[in-house]
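Data block for model-v4.pdb (PDB, C-alpha atoms):
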MODEL        1
ATOM      1  CA  MET A 347     -10.806   8.001 -15.015
ATOM      2  CA  GLU A 348     -14.197   7.324 -13.500
ATOM      3  CA  VAL A 349     -15.253   8.736 -10.141
ATOM      4  CA  VAL A 350     -16.387   5.340  -8.847
ATOM      5  CA  SER A 351     -13.898   2.924 -10.385
ATOM      6  CA  ASN A 352     -10.634   2.587 -12.251
ATOM      7  CA  LYS A 353     -11.624  -0.646 -13.992
ATOM      8  CA  ILE A 354      -9.079  -1.971 -16.471
ATOM      9  CA  ASP A 355      -9.019  -4.835 -18.956
ATOM     10  CA  ARG A 356      -6.192  -7.341 -18.635
ATOM     11  CA  GLU A 357      -4.839  -6.553 -22.082
ATOM     12  CA  ASN A 358      -4.251  -2.940 -20.956
ATOM     13  CA  LEU A 359      -2.102  -3.891 -17.958
ATOM     14  CA  LYS A 360       1.517  -2.793 -17.997
ATOM     15  CA  PRO A 361       4.386  -4.199 -15.915
ATOM     16  CA  GLY A 362       4.703  -2.210 -12.706
ATOM     17  CA  ASP A 363       1.011  -1.259 -12.537
ATOM     18  CA  HIS A 364      -0.483  -1.006  -9.046
ATOM     19  CA  ILE A 365      -3.683  -3.033  -9.359
ATOM     20  CA  TYR A 366      -6.477  -4.023  -7.014
ATOM     21  CA  SER A 367      -9.655  -6.046  -6.803
ATOM     22  CA  TRP A 368     -12.684  -5.704  -4.557
ATOM     23  CA  SER A 369     -13.909  -8.405  -2.194
ATOM     24  CA  VAL A 370     -17.478  -9.622  -2.175
ATOM     25  CA  ALA A 371     -19.840  -6.716  -1.382
ATOM     26  CA  TYR A 372     -16.942  -4.251  -1.782
ATOM     27  CA  ALA A 373     -16.024  -4.679   1.885
ATOM     28  CA  TYR A 374     -12.317  -4.119   1.155
ATOM     29  CA  SER A 375      -9.859  -4.020  -1.720
ATOM     30  CA  HIS A 376      -6.793  -6.203  -2.226
ATOM     31  CA  HIS A 377      -3.751  -4.644  -3.926
ATOM     32  CA  GLY A 378      -0.729  -5.899  -5.810
ATOM     33  CA  ILE A 379       1.894  -5.109  -8.432
ATOM     34  CA  TYR A 380       1.411  -6.516 -11.923
ATOM     35  CA  VAL A 381       4.706  -8.082 -13.018
ATOM     36  CA  ASP A 382       4.184  -9.607 -16.455
ATOM     37  CA  GLU A 383       2.469 -12.389 -18.379
ATOM     38  CA  GLY A 384      -0.401 -12.596 -15.887
ATOM     39  CA  ASN A 385       1.739 -12.599 -12.715
ATOM     40  CA  VAL A 386       1.091 -10.423  -9.652
ATOM     41  CA  ILE A 387       3.136  -9.879  -6.481
ATOM     42  CA  HIS A 388       0.998  -8.979  -3.471
ATOM     43  CA  PHE A 389       0.907  -8.964   0.329
ATOM     44  CA  THR A 390      -1.647 -11.088   2.157
ATOM     45  CA  ARG A 391      -2.557 -12.314   5.613
ATOM     46  CA  GLY A 392      -1.347 -15.619   6.932
ATOM     47  CA  GLU A 393      -3.285 -18.874   7.016
ATOM     48  CA  GLY A 394      -6.594 -18.706   8.852
ATOM     49  CA  GLN A 395      -6.564 -14.923   9.071
ATOM     50  CA  GLU A 396      -8.634 -14.126   5.995
ATOM     51  CA  ILE A 397     -11.974 -13.055   7.399
ATOM     52  CA  GLY A 398     -15.155 -13.099   5.324
ATOM     53  CA  THR A 399     -13.395 -13.469   1.994
ATOM     54  CA  VAL A 400     -13.382 -15.782  -0.948
ATOM     55  CA  THR A 401      -9.961 -14.728  -2.226
ATOM     56  CA  GLY A 402      -8.596 -18.240  -1.979
ATOM     57  CA  LEU A 403      -5.409 -16.789  -0.491
ATOM     58  CA  ASP A 404      -5.948 -17.927   3.085
ATOM     59  CA  HIS A 405      -3.300 -20.630   2.754
ATOM     60  CA  SER A 406      -0.575 -18.173   1.744
ATOM     61  CA  ASP A 407       1.437 -15.910   3.956
ATOM     62  CA  GLY A 408       3.127 -12.537   3.535
ATOM     63  CA  VAL A 409       4.368 -11.325   0.154
ATOM     64  CA  ILE A 410       3.497 -13.850  -2.544
ATOM     65  CA  SER A 411       3.597 -14.189  -6.305
ATOM     66  CA  SER A 412       0.547 -15.616  -8.027
ATOM     67  CA  CYS A 413      -1.266 -15.702 -11.319
ATOM     68  CA  ILE A 414      -3.737 -12.921 -11.967
ATOM     69  CA  ASP A 415      -6.670 -15.356 -11.760
ATOM     70  CA  CYS A 416      -5.555 -16.356  -8.249
ATOM     71  CA  PHE A 417      -5.180 -12.685  -7.306
ATOM     72  CA  LEU A 418      -8.741 -12.097  -8.562
ATOM     73  CA  SER A 419     -10.164 -15.267  -7.037
ATOM     74  CA  GLY A 420     -13.672 -14.437  -5.907
ATOM     75  CA  GLY A 421     -13.744 -11.180  -7.841
ATOM     76  CA  ASP A 422     -14.470 -10.534 -11.485
ATOM     77  CA  HIS A 423     -12.995  -7.116 -12.006
ATOM     78  CA  LEU A 424      -9.521  -5.682 -12.017
ATOM     79  CA  TYR A 425      -8.739  -2.035 -11.299
ATOM     80  CA  ARG A 426      -5.674   0.205 -11.710
ATOM     81  CA  TYR A 427      -4.797   2.422  -8.744
ATOM     82  CA  GLU A 428      -4.628   6.104  -9.682
ATOM     83  CA  TYR A 429      -1.784   8.383  -8.590
ATOM     84  CA  GLY A 430      -1.727  12.173  -8.545
ATOM     85  CA  VAL A 431      -5.487  12.694  -8.669
ATOM     86  CA  GLN A 432      -6.932  16.134  -8.009
ATOM     87  CA  ARG A 433      -8.225  16.790  -4.507
ATOM     88  CA  THR A 434     -11.840  17.065  -5.740
ATOM     89  CA  VAL A 435     -11.597  13.657  -7.429
ATOM     90  CA  PHE A 436     -10.011  12.144  -4.328
ATOM     91  CA  LEU A 437     -12.751  13.505  -2.077
ATOM     92  CA  ALA A 438     -15.461  12.341  -4.517
ATOM     93  CA  LYS A 439     -14.308   8.742  -4.158
ATOM     94  CA  ALA A 440     -16.766   7.157  -1.762
ATOM     95  CA  ASP A 441     -14.429   4.300  -0.992
ATOM     96  CA  GLY A 442     -10.804   4.424   0.115
ATOM     97  CA  GLY A 443      -8.073   2.400  -1.466
ATOM     98  CA  THR A 444      -8.653   3.429  -5.088
ATOM     99  CA  CYS A 445      -6.446   6.489  -5.541
ATOM    100  CA  THR A 446      -4.069   8.903  -3.846
ATOM    101  CA  LEU A 447      -2.995  12.512  -4.157
ATOM    102  CA  VAL A 448       0.630  11.346  -4.141
ATOM    103  CA  SER A 449       2.163  11.998  -7.522
ATOM    104  CA  PHE A 450       5.520  11.212  -9.009
ATOM    105  CA  SER A 451       8.035  14.029  -8.911
ATOM    106  CA  SER A 452      11.321  13.750 -10.713
ATOM    107  CA  GLU A 453      12.806  12.384  -7.475
ATOM    108  CA  LEU A 454      10.042   9.794  -7.041
ATOM    109  CA  ALA A 455       9.551   8.851 -10.682
ATOM    110  CA  ASN A 456       9.983   5.120 -10.796
ATOM    111  CA  SER A 457      10.336   3.010 -13.874
ATOM    112  CA  PRO A 458       8.344  -0.229 -14.115
ATOM    113  CA  GLU A 459      11.661  -2.042 -13.614
ATOM    114  CA  GLN A 460      12.251  -0.239 -10.292
ATOM    115  CA  VAL A 461       8.696  -0.975  -9.130
ATOM    116  CA  ILE A 462       9.030  -4.661  -9.994
ATOM    117  CA  HIS A 463      12.511  -4.787  -8.431
ATOM    118  CA  ARG A 464      11.056  -3.511  -5.129
ATOM    119  CA  ALA A 465       8.202  -6.032  -5.287
ATOM    120  CA  ILE A 466      10.617  -8.918  -5.952
ATOM    121  CA  ASP A 467      12.883  -7.719  -3.145
ATOM    122  CA  PHE A 468       9.911  -7.743  -0.732
ATOM    123  CA  LEU A 469       8.989 -11.194  -2.056
ATOM    124  CA  ARG A 470      12.430 -12.397  -0.924
ATOM    125  CA  LYS A 471      12.770 -10.377   2.289
ATOM    126  CA  GLY A 472       9.175  -9.838   3.402
ATOM    127  CA  PHE A 473       7.178  -6.717   4.209
ATOM    128  CA  GLY A 474       6.673  -7.192   7.942
ATOM    129  CA  ASP A 475       3.613  -8.524   9.702
ATOM    130  CA  TYR A 476       0.298  -8.004   7.971
ATOM    131  CA  ASP A 477      -2.060  -5.649   9.785
ATOM    132  CA  VAL A 478      -5.359  -4.644   8.207
ATOM    133  CA  ILE A 479      -4.854  -1.014   9.295
ATOM    134  CA  LYS A 480      -1.129  -0.454   9.757
ATOM    135  CA  ASN A 481       0.553  -2.676   7.142
ATOM    136  CA  ASN A 482      -1.661  -4.083   4.395
ATOM    137  CA  SER A 483      -1.685  -4.848   0.669
ATOM    138  CA  GLU A 484      -2.370  -1.224  -0.280
ATOM    139  CA  ASP A 485       0.613  -0.083   1.818
ATOM    140  CA  PHE A 486       2.763  -2.742   0.137
ATOM    141  CA  ALA A 487       1.776  -1.690  -3.391
ATOM    142  CA  LEU A 488       2.189   2.036  -2.572
ATOM    143  CA  CYS A 489       5.693   1.362  -1.275
ATOM    144  CA  CYS A 490       6.611  -0.708  -4.339
ATOM    145  CA  LYS A 491       5.263   1.942  -6.677
ATOM    146  CA  THR A 492       6.655   5.084  -5.015
ATOM    147  CA  GLY A 493       9.495   4.005  -2.745
ATOM    148  CA  LEU A 494       7.560   5.637   0.103
ATOM    149  CA  GLN A 495       6.440   3.893   3.252
ATOM    150  CA  VAL A 496       2.905   4.527   4.463
ATOM    151  CA  ILE A 497       2.689   5.546   8.100
ATOM    152  CA  PRO A 498      -0.728   5.097   9.719
ATOM    153  CA  ALA A 499      -2.377   8.173  11.165
ATOM    154  CA  VAL A 500      -5.745   8.827  12.783
ATOM    155  CA  SER A 501      -7.839   8.053   9.708
ATOM    156  CA  VAL A 502      -8.094   4.564   8.243
ATOM    157  CA  GLY A 503      -8.293   3.565   4.577
ATOM    158  CA  GLN A 504      -7.385   6.951   3.150
ATOM    159  CA  SER A 505      -3.856   6.931   1.769
ATOM    160  CA  TYR A 506      -3.942  10.752   1.486
ATOM    161  CA  ILE A 507      -4.488  11.170   5.216
ATOM    162  CA  ARG A 508      -1.606   8.886   6.108
ATOM    163  CA  GLY A 509       1.890  10.269   6.356
ATOM    164  CA  LEU A 510       4.436   9.207   3.798
ATOM    165  CA  GLN A 511       8.158   8.976   4.276
ATOM    166  CA  GLU A 512      10.970   7.804   2.062
ATOM    167  CA  PHE A 513      11.532   4.119   2.619
ATOM    168  CA  ASP A 514      14.896   2.471   2.252
ATOM    169  CA  TYR A 515      13.555  -0.921   1.269
ATOM    170  CA  PHE A 516      17.020  -2.452   1.359
ATOM    171  CA  GLY A 517      17.832  -1.141   4.818
ATOM    172  CA  GLY A 518      14.365  -1.656   6.306
ATOM    173  CA  ASN A 519      13.980   1.960   7.431
TER     174      ASN A 519
ENDMDL
END
Once you've parsed the file, please lay out its structure as structure tokens.
Amino acid sequence: MEVVSNKIDRENLKPGDHIYSWSVAYAYSHHGIYVDEGNVIHFTRGEGQEIGTVTGLDHSDGVISSCIDCFLSGGDHLYRYEYGVQRTVFLAKADGGTCTLVSFSSELANSPEQVIHRAIDFLRKGFGDYDVIKNNSEDFALCCKTGLQVIPAVSVGQSYIRGLQEFDYFGGN
């Protein structure tokens, strides 16, 4: 793993991977769950709400499924989100939204099938209203991957700083 990026080639993607891409000028990252055969499920803002982006997603709303090229629209590189990084690595990351200290314990270990099942369930039922700080694509992908819901705290853009709680995605906890 690099300190600055977690760049990955498409042929190395695995179903259930939490992936992301950077916007122009690295202003923000957009996250999703890789499903299979070039398909990604991700959470995006509604029409007319995409600000300063060339993602091409500003006509979609909520949790959507798209091809990987559409997910990457406007960006050339794909990255894999890192889980369970050491504190020193986490603090060395200049930009948020690329890794977390959260690791998988035996209770949280999720198979790719479970991760994809959660993503598909959110595709059907939704993931609430998009909010750039309180409920965004990184929060969506973290919840799909871990079964934990991200709860905003004082700091923004640092998934370590935010509280995590178990999320009953069927019951809408």
Could you spell out the hits of the PyMOL selection byres ((chain A and resi 412) around 7) on the shown file, as a PDB file with C-alpha atoms, in the frame of the given file?
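Result file is expr20.pdb:
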ATOM      1  CA  ASN A 385       1.739 -12.599 -12.715  1.00  0.00           C
ATOM      2  CA  VAL A 386       1.091 -10.423  -9.652  1.00  0.00           C
ATOM      3  CA  ILE A 387       3.136  -9.879  -6.481  1.00  0.00           C
ATOM      4  CA  ILE A 410       3.497 -13.850  -2.544  1.00  0.00           C
ATOM      5  CA  SER A 411       3.597 -14.189  -6.305  1.00  0.00           C
ATOM      6  CA  CYS A 413      -1.266 -15.702 -11.319  1.00  0.00           C
ATOM      7  CA  ILE A 414      -3.737 -12.921 -11.967  1.00  0.00           C
ATOM      8  CA  CYS A 416      -5.555 -16.356  -8.249  1.00  0.00           C
ATOM      9  CA  PHE A 417      -5.180 -12.685  -7.306  1.00  0.00           C
TER      10      PHE A 417
END
*asked:* Rounded to one decimal, what separation in Å do you get between CA of Arg464 (chain A) and CA of Val381 (chain A)?
replied: 11.1 Å
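Between CA of Trp368 (chain A) and CA of Ile354 (chain A) the separation is 13.0 Å.
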*What is the distance, in Å and to one decimal place, between CA of His463 (chain A) and CA of His388 (chain A)?*
13.2 Å
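Using all atoms listed in the file, the residues found no farther than 8 Å from Pro361 (chain A), other than those of its own chain fewer than 2 positions away, are Leu359, Asp363, Ile379, Tyr380, Val381, Asp382, Pro458, Glu459 and Ile462 of chain A.
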*Please provide the set of residues having any atom within 9 Å of Gln460 (chain A), restricted to all atoms listed in the file, with same-chain residues fewer than 4 positions apart removed, written as a ChimeraX atom specification.*
/A:362,456,464-465,490-491
*With all atoms listed in the file as the atoms that count, which of A:Gly472, A:Gly378, A:Gly408, A:Gly384 lies nearest to Ala487 (chain A)?*
A:Gly378
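Of the listed residues (A:Ser367, A:Thr492, A:Ser457, A:Thr390), A:Thr390 comes nearest to Gly474 (chain A); the distances count all atoms listed in the file.
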*Can you find the residues with an atom no farther than 10 Å from (10.2, -8.5, 3.3), counting only C-alpha atoms, and report them as an MDAnalysis selection string?*
chainID A and resid 389 408:409 464:475 486 515:516 518
